[in-house]
$ cat input_36.cif   # mmCIF, C-alpha atoms
data_work
loop_
_atom_site.group_PDB
_atom_site.id
_atom_site.type_symbol
_atom_site.label_atom_id
_atom_site.label_comp_id
_atom_site.auth_asym_id
_atom_site.auth_seq_id
_atom_site.Cartn_x
_atom_site.Cartn_y
_atom_site.Cartn_z
ATOM 1 C CA MET O 1 4.414 -27.230 1.058
ATOM 2 C CA THR O 2 0.844 -28.553 0.806
ATOM 3 C CA THR O 3 -0.501 -29.771 -2.526
ATOM 4 C CA VAL O 4 -3.924 -28.276 -3.229
ATOM 5 C CA ARG O 5 -5.917 -29.189 -6.307
ATOM 6 C CA LEU O 6 -9.447 -29.004 -7.638
ATOM 7 C CA ALA O 7 -11.559 -32.131 -7.243
ATOM 8 C CA THR O 8 -12.849 -33.849 -10.387
ATOM 9 C CA PRO O 9 -15.911 -36.127 -10.560
ATOM 10 C CA ASP O 10 -13.522 -39.070 -9.980
ATOM 11 C CA ASP O 11 -12.735 -37.654 -6.525
ATOM 12 C CA ALA O 12 -16.391 -37.863 -5.475
ATOM 13 C CA GLU O 13 -15.926 -40.734 -3.031
ATOM 14 C CA THR O 14 -12.873 -39.127 -1.378
ATOM 15 C CA VAL O 15 -14.822 -35.879 -0.976
ATOM 16 C CA ALA O 16 -17.914 -37.708 0.272
ATOM 17 C CA ARG O 17 -15.986 -39.702 2.874
ATOM 18 C CA MET O 18 -14.384 -36.582 4.371
ATOM 19 C CA LEU O 19 -17.695 -34.668 4.437
ATOM 20 C CA HIS O 20 -19.352 -37.653 6.119
ATOM 21 C CA ASP O 21 -16.546 -37.847 8.718
ATOM 22 C CA PHE O 22 -16.818 -34.074 9.255
ATOM 23 C CA ASN O 23 -20.498 -34.363 10.157
ATOM 24 C CA GLU O 24 -19.955 -37.453 12.301
ATOM 25 C CA GLU O 25 -17.201 -35.688 14.238
ATOM 26 C CA PHE O 26 -19.431 -32.685 14.991
ATOM 27 C CA GLY O 27 -22.630 -34.648 15.647
ATOM 28 C CA THR O 28 -24.390 -33.301 12.533
ATOM 29 C CA PRO O 29 -26.727 -35.640 10.609
ATOM 30 C CA THR O 30 -25.178 -37.082 7.453
ATOM 31 C CA PRO O 31 -26.959 -38.785 4.545
ATOM 32 C CA GLY O 32 -24.060 -41.288 4.371
ATOM 33 C CA VAL O 33 -21.063 -41.864 2.110
ATOM 34 C CA GLU O 34 -23.006 -43.570 -0.683
ATOM 35 C CA PHE O 35 -25.524 -40.738 -1.130
ATOM 36 C CA LEU O 36 -22.801 -38.115 -0.778
ATOM 37 C CA THR O 37 -20.628 -39.802 -3.402
ATOM 38 C CA THR O 38 -23.442 -39.673 -5.968
ATOM 39 C CA ARG O 39 -24.373 -36.108 -5.026
ATOM 40 C CA CYS O 40 -20.759 -34.834 -5.079
ATOM 41 C CA ARG O 41 -20.123 -36.518 -8.428
ATOM 42 C CA GLU O 42 -23.143 -34.867 -10.046
ATOM 43 C CA LEU O 43 -22.492 -31.405 -8.572
ATOM 44 C CA ILE O 44 -18.765 -31.428 -9.446
ATOM 45 C CA ASP O 45 -19.516 -32.776 -12.905
ATOM 46 C CA ALA O 46 -22.156 -30.078 -13.529
ATOM 47 C CA GLU O 47 -19.746 -27.411 -12.186
ATOM 48 C CA GLU O 48 -22.423 -26.363 -9.709
ATOM 49 C CA MET O 49 -19.989 -26.830 -6.834
ATOM 50 C CA THR O 50 -16.237 -26.231 -6.656
ATOM 51 C CA VAL O 51 -14.207 -28.473 -4.365
ATOM 52 C CA VAL O 52 -10.566 -28.064 -3.325
ATOM 53 C CA LEU O 53 -8.563 -30.996 -1.966
ATOM 54 C CA GLY O 54 -5.560 -30.463 0.314
ATOM 55 C CA GLY O 55 -2.718 -32.970 0.687
ATOM 56 C CA ASP O 56 -1.597 -35.870 -1.488
ATOM 57 C CA PRO O 57 -3.367 -38.167 -0.867
ATOM 58 C CA PRO O 58 -6.099 -35.692 0.156
ATOM 59 C CA VAL O 59 -6.559 -35.110 3.882
ATOM 60 C CA GLY O 60 -8.619 -31.933 3.614
ATOM 61 C CA VAL O 61 -11.604 -30.685 1.639
ATOM 62 C CA GLY O 62 -13.180 -27.287 0.977
ATOM 63 C CA VAL O 63 -16.549 -26.761 -0.733
ATOM 64 C CA LEU O 64 -17.461 -23.549 -2.550
ATOM 65 C CA PHE O 65 -20.628 -22.324 -4.225
ATOM 66 C CA PHE O 66 -20.789 -19.197 -6.370
ATOM 67 C CA ARG O 67 -23.721 -16.936 -7.101
ATOM 68 C CA PRO O 68 -23.953 -13.802 -9.207
ATOM 69 C CA SER O 69 -23.401 -10.515 -7.409
ATOM 70 C CA LEU O 70 -26.212 -7.991 -7.643
ATOM 71 C CA TRP O 71 -23.905 -5.025 -7.116
ATOM 72 C CA SER O 72 -21.289 -5.801 -9.765
ATOM 73 C CA ARG O 73 -20.859 -8.002 -12.825
ATOM 74 C CA GLY O 74 -18.932 -10.464 -10.679
ATOM 75 C CA GLU O 75 -19.865 -13.235 -8.296
ATOM 76 C CA GLU O 76 -19.986 -13.920 -4.575
ATOM 77 C CA ALA O 77 -18.331 -17.017 -3.148
ATOM 78 C CA TYR O 78 -19.838 -18.994 -0.288
ATOM 79 C CA LEU O 79 -17.561 -21.401 1.543
ATOM 80 C CA ALA O 80 -19.999 -24.107 2.637
ATOM 81 C CA GLU O 81 -17.517 -26.574 4.182
ATOM 82 C CA LEU O 82 -13.848 -26.753 5.180
ATOM 83 C CA TYR O 83 -12.466 -29.873 6.827
ATOM 84 C CA VAL O 84 -9.077 -31.376 7.609
ATOM 85 C CA VAL O 85 -8.782 -34.902 9.052
ATOM 86 C CA PRO O 86 -8.062 -34.763 12.816
ATOM 87 C CA ASP O 87 -4.466 -36.033 12.833
ATOM 88 C CA ARG O 88 -3.359 -33.559 10.146
ATOM 89 C CA ARG O 89 -4.703 -30.375 11.721
ATOM 90 C CA ASP O 90 -2.451 -27.402 12.587
ATOM 91 C CA ASP O 91 -0.272 -28.441 9.677
ATOM 92 C CA GLY O 92 -1.087 -25.547 7.320
ATOM 93 C CA ILE O 93 -3.459 -27.598 5.174
ATOM 94 C CA GLY O 94 -6.555 -25.474 5.906
ATOM 95 C CA GLY O 95 -4.610 -22.284 5.174
ATOM 96 C CA ALA O 96 -3.261 -23.693 1.906
ATOM 97 C CA MET O 97 -6.765 -24.737 0.823
ATOM 98 C CA MET O 98 -8.128 -21.285 1.738
ATOM 99 C CA ALA O 99 -5.378 -19.547 -0.260
ATOM 100 C CA THR O 100 -6.304 -21.643 -3.297
ATOM 101 C CA ALA O 101 -10.036 -21.118 -2.702
ATOM 102 C CA MET O 102 -9.582 -17.336 -2.568
ATOM 103 C CA ASP O 103 -7.289 -17.311 -5.619
ATOM 104 C CA LEU O 104 -9.647 -19.324 -7.798
ATOM 105 C CA SER O 105 -12.604 -17.247 -6.612
ATOM 106 C CA ARG O 106 -10.794 -14.049 -7.603
ATOM 107 C CA GLU O 107 -9.852 -15.580 -10.950
ATOM 108 C CA ARG O 108 -13.467 -16.267 -11.824
ATOM 109 C CA GLY O 109 -14.461 -12.756 -10.796
ATOM 110 C CA ALA O 110 -15.791 -13.160 -7.265
ATOM 111 C CA THR O 111 -15.664 -9.930 -5.265
ATOM 112 C CA ASP O 112 -16.099 -11.428 -1.821
ATOM 113 C CA MET O 113 -16.365 -14.651 0.157
ATOM 114 C CA GLN O 114 -18.842 -15.513 2.897
ATOM 115 C CA ILE O 115 -18.762 -18.169 5.623
ATOM 116 C CA GLY O 116 -21.086 -19.141 8.477
ATOM 117 C CA VAL O 117 -19.195 -19.969 11.685
ATOM 118 C CA ASP O 118 -20.616 -20.978 15.069
ATOM 119 C CA GLU O 119 -19.829 -18.728 18.026
ATOM 120 C CA PRO O 120 -18.312 -21.514 20.201
ATOM 121 C CA ASP O 121 -15.855 -22.555 17.457
ATOM 122 C CA VAL O 122 -13.264 -20.105 18.734
ATOM 123 C CA ASP O 123 -10.288 -21.726 16.985
ATOM 124 C CA THR O 124 -12.159 -21.771 13.665
ATOM 125 C CA ARG O 125 -13.179 -18.131 14.084
ATOM 126 C CA ARG O 126 -9.578 -17.155 14.862
ATOM 127 C CA PHE O 127 -8.423 -19.088 11.771
ATOM 128 C CA TYR O 128 -10.767 -17.113 9.495
ATOM 129 C CA GLU O 129 -10.017 -13.828 11.250
ATOM 130 C CA ARG O 130 -6.281 -14.342 10.598
ATOM 131 C CA LEU O 131 -7.218 -14.767 6.932
ATOM 132 C CA GLY O 132 -8.959 -11.376 6.905
ATOM 133 C CA PHE O 133 -12.570 -12.461 7.431
ATOM 134 C CA ARG O 134 -14.708 -10.270 9.691
ATOM 135 C CA ASN O 135 -18.053 -10.924 11.362
ATOM 136 C CA HIS O 136 -18.685 -7.227 11.990
ATOM 137 C CA ASP O 137 -18.875 -3.843 10.341
ATOM 138 C CA PRO O 138 -15.220 -2.724 9.869
ATOM 139 C CA GLU O 139 -16.096 0.601 11.500
ATOM 140 C CA ASP O 140 -18.065 -0.865 14.388
ATOM 141 C CA PRO O 141 -16.921 -4.103 16.083
ATOM 142 C CA THR O 142 -20.155 -4.209 18.122
ATOM 143 C CA ALA O 143 -22.207 -4.455 14.909
ATOM 144 C CA ARG O 144 -21.767 -8.140 14.253
ATOM 145 C CA MET O 145 -23.544 -10.006 11.505
ATOM 146 C CA PHE O 146 -25.602 -13.048 12.393
ATOM 147 C CA PHE O 147 -26.377 -15.973 10.156
ATOM 148 C CA TYR O 148 -30.096 -16.734 10.475
ATOM 149 C CA GLU O 149 -31.569 -19.961 9.166
ATOM 150 C CA ARG O 150 -34.784 -21.949 9.150
ATOM 151 C CA GLU O 151 -35.924 -25.212 7.648
ATOM 152 C CA LEU O 152 -38.640 -24.893 5.045
ATOM 153 C CA MET F 1 -54.369 -8.330 1.770
ATOM 154 C CA THR F 2 -51.008 -7.626 0.114
ATOM 155 C CA THR F 3 -50.446 -8.548 -3.511
ATOM 156 C CA VAL F 4 -47.143 -10.391 -3.942
ATOM 157 C CA ARG F 5 -45.877 -11.486 -7.327
ATOM 158 C CA LEU F 6 -42.670 -12.594 -8.991
ATOM 159 C CA ALA F 7 -40.717 -9.926 -10.848
ATOM 160 C CA THR F 8 -40.194 -10.339 -14.592
ATOM 161 C CA PRO F 9 -37.377 -8.737 -16.611
ATOM 162 C CA ASP F 10 -39.782 -5.817 -17.315
ATOM 163 C CA ASP F 11 -39.763 -5.014 -13.582
ATOM 164 C CA ALA F 12 -35.996 -4.494 -13.592
ATOM 165 C CA GLU F 13 -36.146 -0.716 -13.134
ATOM 166 C CA THR F 14 -38.690 -0.939 -10.300
ATOM 167 C CA VAL F 15 -36.510 -3.533 -8.553
ATOM 168 C CA ALA F 16 -33.345 -1.503 -9.184
ATOM 169 C CA ARG F 17 -34.840 1.713 -7.805
ATOM 170 C CA MET F 18 -35.906 0.068 -4.552
ATOM 171 C CA LEU F 19 -32.533 -1.676 -4.098
ATOM 172 C CA HIS F 20 -30.772 1.629 -4.750
ATOM 173 C CA ASP F 21 -33.001 3.413 -2.195
ATOM 174 C CA PHE F 22 -32.389 0.567 0.286
ATOM 175 C CA ASN F 23 -28.627 1.082 0.115
ATOM 176 C CA GLU F 24 -28.918 4.871 0.225
ATOM 177 C CA GLU F 25 -31.116 4.669 3.325
ATOM 178 C CA PHE F 26 -28.600 2.463 5.162
ATOM 179 C CA GLY F 27 -25.455 4.248 3.952
ATOM 180 C CA THR F 28 -24.283 1.298 1.837
ATOM 181 C CA PRO F 29 -22.529 2.003 -1.481
ATOM 182 C CA THR F 30 -24.774 1.547 -4.526
ATOM 183 C CA PRO F 31 -23.717 1.212 -8.168
ATOM 184 C CA GLY F 32 -26.731 3.359 -9.122
ATOM 185 C CA VAL F 33 -30.161 2.766 -10.673
ATOM 186 C CA GLU F 34 -28.931 2.495 -14.252
ATOM 187 C CA PHE F 35 -26.374 -0.241 -13.535
ATOM 188 C CA LEU F 36 -28.798 -2.062 -11.239
ATOM 189 C CA THR F 37 -31.561 -2.000 -13.866
ATOM 190 C CA THR F 38 -29.312 -3.705 -16.411
ATOM 191 C CA ARG F 39 -28.004 -6.189 -13.849
ATOM 192 C CA CYS F 40 -31.447 -7.055 -12.461
ATOM 193 C CA ARG F 41 -32.869 -7.489 -15.962
ATOM 194 C CA GLU F 42 -30.131 -9.940 -16.954
ATOM 195 C CA LEU F 43 -30.253 -11.944 -13.704
ATOM 196 C CA ILE F 44 -34.070 -12.186 -13.677
ATOM 197 C CA ASP F 45 -34.107 -13.045 -17.379
ATOM 198 C CA ALA F 46 -31.480 -15.793 -16.900
ATOM 199 C CA GLU F 47 -33.418 -17.092 -13.851
ATOM 200 C CA GLU F 48 -30.234 -16.758 -11.801
ATOM 201 C CA MET F 49 -32.071 -14.615 -9.250
ATOM 202 C CA THR F 50 -35.657 -14.773 -8.023
ATOM 203 C CA VAL F 51 -37.326 -11.502 -7.027
ATOM 204 C CA VAL F 52 -40.650 -11.047 -5.228
ATOM 205 C CA LEU F 53 -42.513 -7.729 -5.369
ATOM 206 C CA GLY F 54 -44.962 -6.711 -2.627
ATOM 207 C CA GLY F 55 -47.827 -4.242 -3.159
ATOM 208 C CA ASP F 56 -49.545 -2.991 -6.303
ATOM 209 C CA PRO F 57 -47.830 -0.849 -7.444
ATOM 210 C CA PRO F 58 -44.793 -2.497 -5.783
ATOM 211 C CA VAL F 59 -43.559 -0.935 -2.538
ATOM 212 C CA GLY F 60 -41.395 -3.850 -1.403
ATOM 213 C CA VAL F 61 -38.792 -6.168 -2.894
ATOM 214 C CA GLY F 62 -37.174 -9.441 -1.853
ATOM 215 C CA VAL F 63 -34.191 -11.046 -3.612
ATOM 216 C CA LEU F 64 -33.470 -14.772 -3.468
ATOM 217 C CA PHE F 65 -30.638 -16.932 -4.768
ATOM 218 C CA PHE F 66 -30.723 -20.729 -4.790
ATOM 219 C CA ARG F 67 -27.845 -23.185 -4.698
ATOM 220 C CA PRO F 68 -27.861 -26.968 -4.698
ATOM 221 C CA SER F 69 -27.835 -28.647 -1.319
ATOM 222 C CA LEU F 70 -24.970 -31.035 -0.669
ATOM 223 C CA TRP F 71 -26.953 -33.066 1.877
ATOM 224 C CA SER F 72 -30.089 -33.743 -0.167
ATOM 225 C CA ARG F 73 -31.261 -33.601 -3.780
ATOM 226 C CA GLY F 74 -32.851 -30.227 -3.023
ATOM 227 C CA GLU F 75 -31.628 -26.667 -2.833
ATOM 228 C CA GLU F 76 -30.797 -24.036 -0.242
ATOM 229 C CA ALA F 77 -32.329 -20.577 -0.479
ATOM 230 C CA TYR F 78 -30.407 -17.435 0.423
ATOM 231 C CA LEU F 79 -32.409 -14.272 1.011
ATOM 232 C CA ALA F 80 -29.982 -11.574 -0.117
ATOM 233 C CA GLU F 81 -32.246 -8.529 0.250
ATOM 234 C CA LEU F 82 -35.637 -7.584 1.703
ATOM 235 C CA TYR F 83 -36.864 -4.000 1.559
ATOM 236 C CA VAL F 84 -40.122 -2.091 2.029
ATOM 237 C CA VAL F 85 -40.342 1.641 1.290
ATOM 238 C CA PRO F 86 -40.277 3.675 4.546
ATOM 239 C CA ASP F 87 -43.872 4.963 4.567
ATOM 240 C CA ARG F 88 -45.339 1.479 4.003
ATOM 241 C CA ARG F 89 -43.520 -0.359 6.776
ATOM 242 C CA ASP F 90 -45.363 -2.195 9.582
ATOM 243 C CA ASP F 91 -48.133 -2.840 7.088
ATOM 244 C CA GLY F 92 -47.621 -6.601 6.655
ATOM 245 C CA ILE F 93 -45.851 -6.245 3.302
ATOM 246 C CA GLY F 94 -42.564 -7.777 4.458
ATOM 247 C CA GLY F 95 -44.409 -10.700 6.042
ATOM 248 C CA ALA F 96 -46.468 -11.290 2.891
ATOM 249 C CA MET F 97 -43.309 -11.247 0.732
ATOM 250 C CA MET F 98 -41.597 -13.673 3.114
ATOM 251 C CA ALA F 99 -44.576 -16.062 3.026
ATOM 252 C CA THR F 100 -44.402 -16.081 -0.772
ATOM 253 C CA ALA F 101 -40.599 -16.414 -0.743
ATOM 254 C CA MET F 102 -40.787 -19.434 1.565
ATOM 255 C CA ASP F 103 -43.635 -21.023 -0.420
ATOM 256 C CA LEU F 104 -41.894 -20.711 -3.769
ATOM 257 C CA SER F 105 -38.633 -21.958 -2.239
ATOM 258 C CA ARG F 106 -40.406 -25.047 -0.907
ATOM 259 C CA GLU F 107 -42.106 -25.577 -4.263
ATOM 260 C CA ARG F 108 -38.780 -25.737 -6.070
ATOM 261 C CA GLY F 109 -37.388 -28.138 -3.485
ATOM 262 C CA ALA F 110 -35.396 -25.917 -1.145
ATOM 263 C CA THR F 111 -34.917 -27.449 2.292
ATOM 264 C CA ASP F 112 -33.899 -24.318 4.140
ATOM 265 C CA MET F 113 -33.447 -20.570 3.889
ATOM 266 C CA GLN F 114 -30.522 -18.475 5.124
ATOM 267 C CA ILE F 115 -30.230 -14.751 5.850
ATOM 268 C CA GLY F 116 -27.447 -12.489 7.130
ATOM 269 C CA VAL F 117 -28.712 -9.900 9.634
ATOM 270 C CA ASP F 118 -26.709 -7.264 11.501
ATOM 271 C CA GLU F 119 -26.745 -7.435 15.304
ATOM 272 C CA PRO F 120 -27.960 -3.812 15.808
ATOM 273 C CA ASP F 121 -30.992 -4.337 13.510
ATOM 274 C CA VAL F 122 -33.096 -5.485 16.428
ATOM 275 C CA ASP F 123 -36.456 -4.947 14.698
ATOM 276 C CA THR F 124 -35.305 -6.877 11.643
ATOM 277 C CA ARG F 125 -33.982 -9.713 13.794
ATOM 278 C CA ARG F 126 -37.293 -9.877 15.691
ATOM 279 C CA PHE F 127 -39.159 -9.918 12.365
ATOM 280 C CA TYR F 128 -37.211 -12.959 11.156
ATOM 281 C CA GLU F 129 -37.378 -14.669 14.557
ATOM 282 C CA ARG F 130 -41.178 -14.369 14.485
ATOM 283 C CA LEU F 131 -41.038 -16.127 11.118
ATOM 284 C CA GLY F 132 -39.136 -19.048 12.648
ATOM 285 C CA PHE F 133 -35.560 -18.098 11.723
ATOM 286 C CA ARG F 134 -32.895 -18.769 14.348
ATOM 287 C CA ASN F 135 -29.320 -17.493 14.649
ATOM 288 C CA HIS F 136 -28.356 -20.231 17.074
ATOM 289 C CA ASP F 137 -28.309 -23.986 17.598
ATOM 290 C CA PRO F 138 -31.894 -24.949 18.584
ATOM 291 C CA GLU F 139 -30.507 -26.846 21.575
ATOM 292 C CA ASP F 140 -28.100 -24.142 22.695
ATOM 293 C CA PRO F 141 -29.066 -20.443 22.473
ATOM 294 C CA THR F 142 -25.510 -19.418 23.418
ATOM 295 C CA ALA F 143 -24.156 -21.142 20.269
ATOM 296 C CA ARG F 144 -24.956 -18.418 17.783
ATOM 297 C CA MET F 145 -23.874 -18.513 14.176
ATOM 298 C CA PHE F 146 -21.869 -15.629 12.769
ATOM 299 C CA PHE F 147 -21.746 -14.503 9.186
ATOM 300 C CA TYR F 148 -18.086 -13.941 8.273
ATOM 301 C CA GLU F 149 -17.095 -12.093 5.124
ATOM 302 C CA ARG F 150 -14.090 -10.666 3.359
ATOM 303 C CA GLU F 151 -13.482 -8.866 0.099
ATOM 304 C CA LEU F 152 -11.325 -10.749 -2.364
#
$ encode --input "input_36.cif" --output "structure tokens"
Amino acid sequence: MTTVRLATPDDAETVARMLHDFNEEFGTPTPGVEFLTTRCRELIDAEEMTVVLGGDPPVGVGVLFFRPSLWSRGEEAYLAELYVVPDRRDDGIGGAMMATAMDLSRERGATDMQIGVDEPDVDTRRFYERLGFRNHDPEDPTARMFFYEREL
Amino acid sequence: MTTVRLATPDDAETVARMLHDFNEEFGTPTPGVEFLTTRCRELIDAEEMTVVLGGDPPVGVGVLFFRPSLWSRGEEAYLAELYVVPDRRDDGIGGAMMATAMDLSRERGATDMQIGVDEPDVDTRRFYERLGFRNHDPEDPTARMFFYEREL
């Protein structure tokens, strides 16, 4: 049974350290733990970002942003990050954090959740697919949806 | 030269009608013009959604949402919708709206823009690719990014 709880501003450094390690592990640039601690504290405090922590002490982190839906009075959830420390993977922590993330999103009125996942991350894609996420039109598996991005 | 301007709450019905027509054209469910007018008015009024209108009178609409970036003090822009009425396509209106959308995103401190695009929409994908959007790691074209989604 994995403990999952919402992060408070006091968890900022714990959150920041895991997000920093996440980027280091995958060769993505990181602004560093100090910057991330300040940024996480202000975004959690302002309720502009929702963070779930998995494990006690925390060994996993999930970051959610919400925006209003255009098509209903509800919201749409965007899962920006999900990370579990390497030696605690395959231990159900990611699944427990996702269950909590989906529950709290439903509770605040979100109608769906979106995630960007890289094609080569086959294990990650399978993880989300087991949880009911699809990267294609339900009626047409060849009609996949791509995540396009550019720097401004 | 295409006129592009930001929508105000008074444009809600114009915005709603185009978004409704967009969904009808592509066989996507729509909550209808009346609901969309109310919803667009409240989201534009609350500055929770940014809408650009192309043409005078407007024949195109683009819908943007912003969220804070975790990695910088800036924001990330998400282009939720972009539509031009059928008989005014290939007339530079989409490109003019995108130029404005990117400019105003930069001005408010957004560092990047994201879009979900379906694989079979080859013309749309080419349009965004010409504008510098990529659906893959710049160093590895086989590492594409998928947009995963599920209802909650």
$ resolve_selection --input "input_36.cif" --expression "the PyMOL selection byres ((chain F) within 7 of (chain O))" --output "VMD selection string"
chain F and resid 31 39 70 to 71 102 106 111 to 120 132 to 135 143 to 152
$ resolve_selection --input "input_36.cif" --expression "the PyMOL selection byres ((chain O and resi 55) around 8)" --output "PyMOL selection string"
chain O and resi 2-4+53-54+56-60+93
$ residues_around --input "input_36.cif" --residues "Thr38 (chain F)" --least-positions-apart "6" --cutoff "10 Å" --atoms "all atoms listed in the file" --output "ChimeraX atom specification"
/F:9,12-13,16
$ atom_distance --input "input_36.cif" --atom1 "CA of Glu34 (chain F)" --atom2 "CA of Arg17 (chain F)"
8.8 Å
$ resolve_selection --input "input_36.cif" --expression "the PyMOL selection byres ((chain F and resi 52) around 9)" --output "PyMOL selection string"
chain F and resi 4-7+50-51+53-54+60-64+97-98+100-101
$ atom_distance --input "input_36.cif" --atom1 "CA of Glu24 (chain F)" --atom2 "CA of Glu139 (chain O)"
17.6 Å
$ atom_distance --input "input_36.cif" --atom1 "CA of Val33 (chain O)" --atom2 "CA of Asp21 (chain O)"
9.0 Å
$ residues_near_point --input "input_36.cif" --point "(-42.7, -2.4, 10.5)" --cutoff "12 Å" --atoms "only C-alpha atoms" --output "list in words"
Tyr83, Val84, Val85, Pro86, Asp87, Arg88, Arg89, Asp90, Asp91, Gly92, Ile93, Gly94, Gly95, Val122, Asp123, Thr124, Arg125, Arg126, Phe127 and Tyr128 of chain F
$ closest_residue --input "input_36.cif" --among "O:Met1, O:Glu42, O:Arg108, O:Leu82" --to "Met18 (chain O)" --atoms "all atoms listed in the file"
O:Leu82
$ decode --input "input_36.cif" --residues "region 8-23 of chain O" --atoms "N, CA and C atoms" --output "short mmCIF file (atom, residue, chain, number, x, y, z; two decimals), in the first residue's frame"
data_model
loop_
_atom_site.label_atom_id
_atom_site.label_comp_id
_atom_site.auth_asym_id
_atom_site.auth_seq_id
_atom_site.Cartn_x
_atom_site.Cartn_y
_atom_site.Cartn_z
N THR O 8 2.75 20.24 -0.20
CA THR O 8 2.51 21.60 0.30
C THR O 8 3.75 22.43 -0.04
N PRO O 9 3.69 23.75 0.16
CA PRO O 9 4.87 24.57 -0.12
C PRO O 9 6.12 24.07 0.63
N ASP O 10 5.92 23.47 1.82
CA ASP O 10 7.07 22.96 2.59
C ASP O 10 7.76 21.78 1.92
N ASP O 11 7.09 21.15 0.95
CA ASP O 11 7.70 20.03 0.23
C ASP O 11 8.50 20.48 -0.98
N ALA O 12 8.61 21.80 -1.17
CA ALA O 12 9.21 22.32 -2.41
C ALA O 12 10.59 21.71 -2.70
N GLU O 13 11.44 21.60 -1.68
CA GLU O 13 12.78 21.11 -1.96
C GLU O 13 12.77 19.63 -2.35
N THR O 14 11.92 18.84 -1.69
CA THR O 14 11.78 17.42 -2.04
C THR O 14 11.32 17.27 -3.50
N VAL O 15 10.33 18.06 -3.87
CA VAL O 15 9.80 18.04 -5.24
C VAL O 15 10.90 18.45 -6.21
N ALA O 16 11.58 19.56 -5.88
CA ALA O 16 12.61 20.11 -6.76
C ALA O 16 13.74 19.10 -6.99
N ARG O 17 14.15 18.43 -5.93
CA ARG O 17 15.27 17.48 -6.04
C ARG O 17 14.90 16.32 -6.97
N MET O 18 13.67 15.81 -6.85
CA MET O 18 13.26 14.70 -7.72
C MET O 18 13.13 15.16 -9.18
N LEU O 19 12.59 16.37 -9.40
CA LEU O 19 12.45 16.87 -10.77
C LEU O 19 13.83 17.10 -11.40
N HIS O 20 14.75 17.60 -10.60
CA HIS O 20 16.13 17.79 -11.06
C HIS O 20 16.75 16.44 -11.44
N ASP O 21 16.60 15.44 -10.56
CA ASP O 21 17.16 14.11 -10.83
C ASP O 21 16.52 13.49 -12.07
N PHE O 22 15.23 13.72 -12.24
CA PHE O 22 14.49 13.23 -13.42
C PHE O 22 15.17 13.75 -14.69
N ASN O 23 15.38 15.05 -14.75
CA ASN O 23 15.99 15.64 -15.94
C ASN O 23 17.43 15.17 -16.13
#
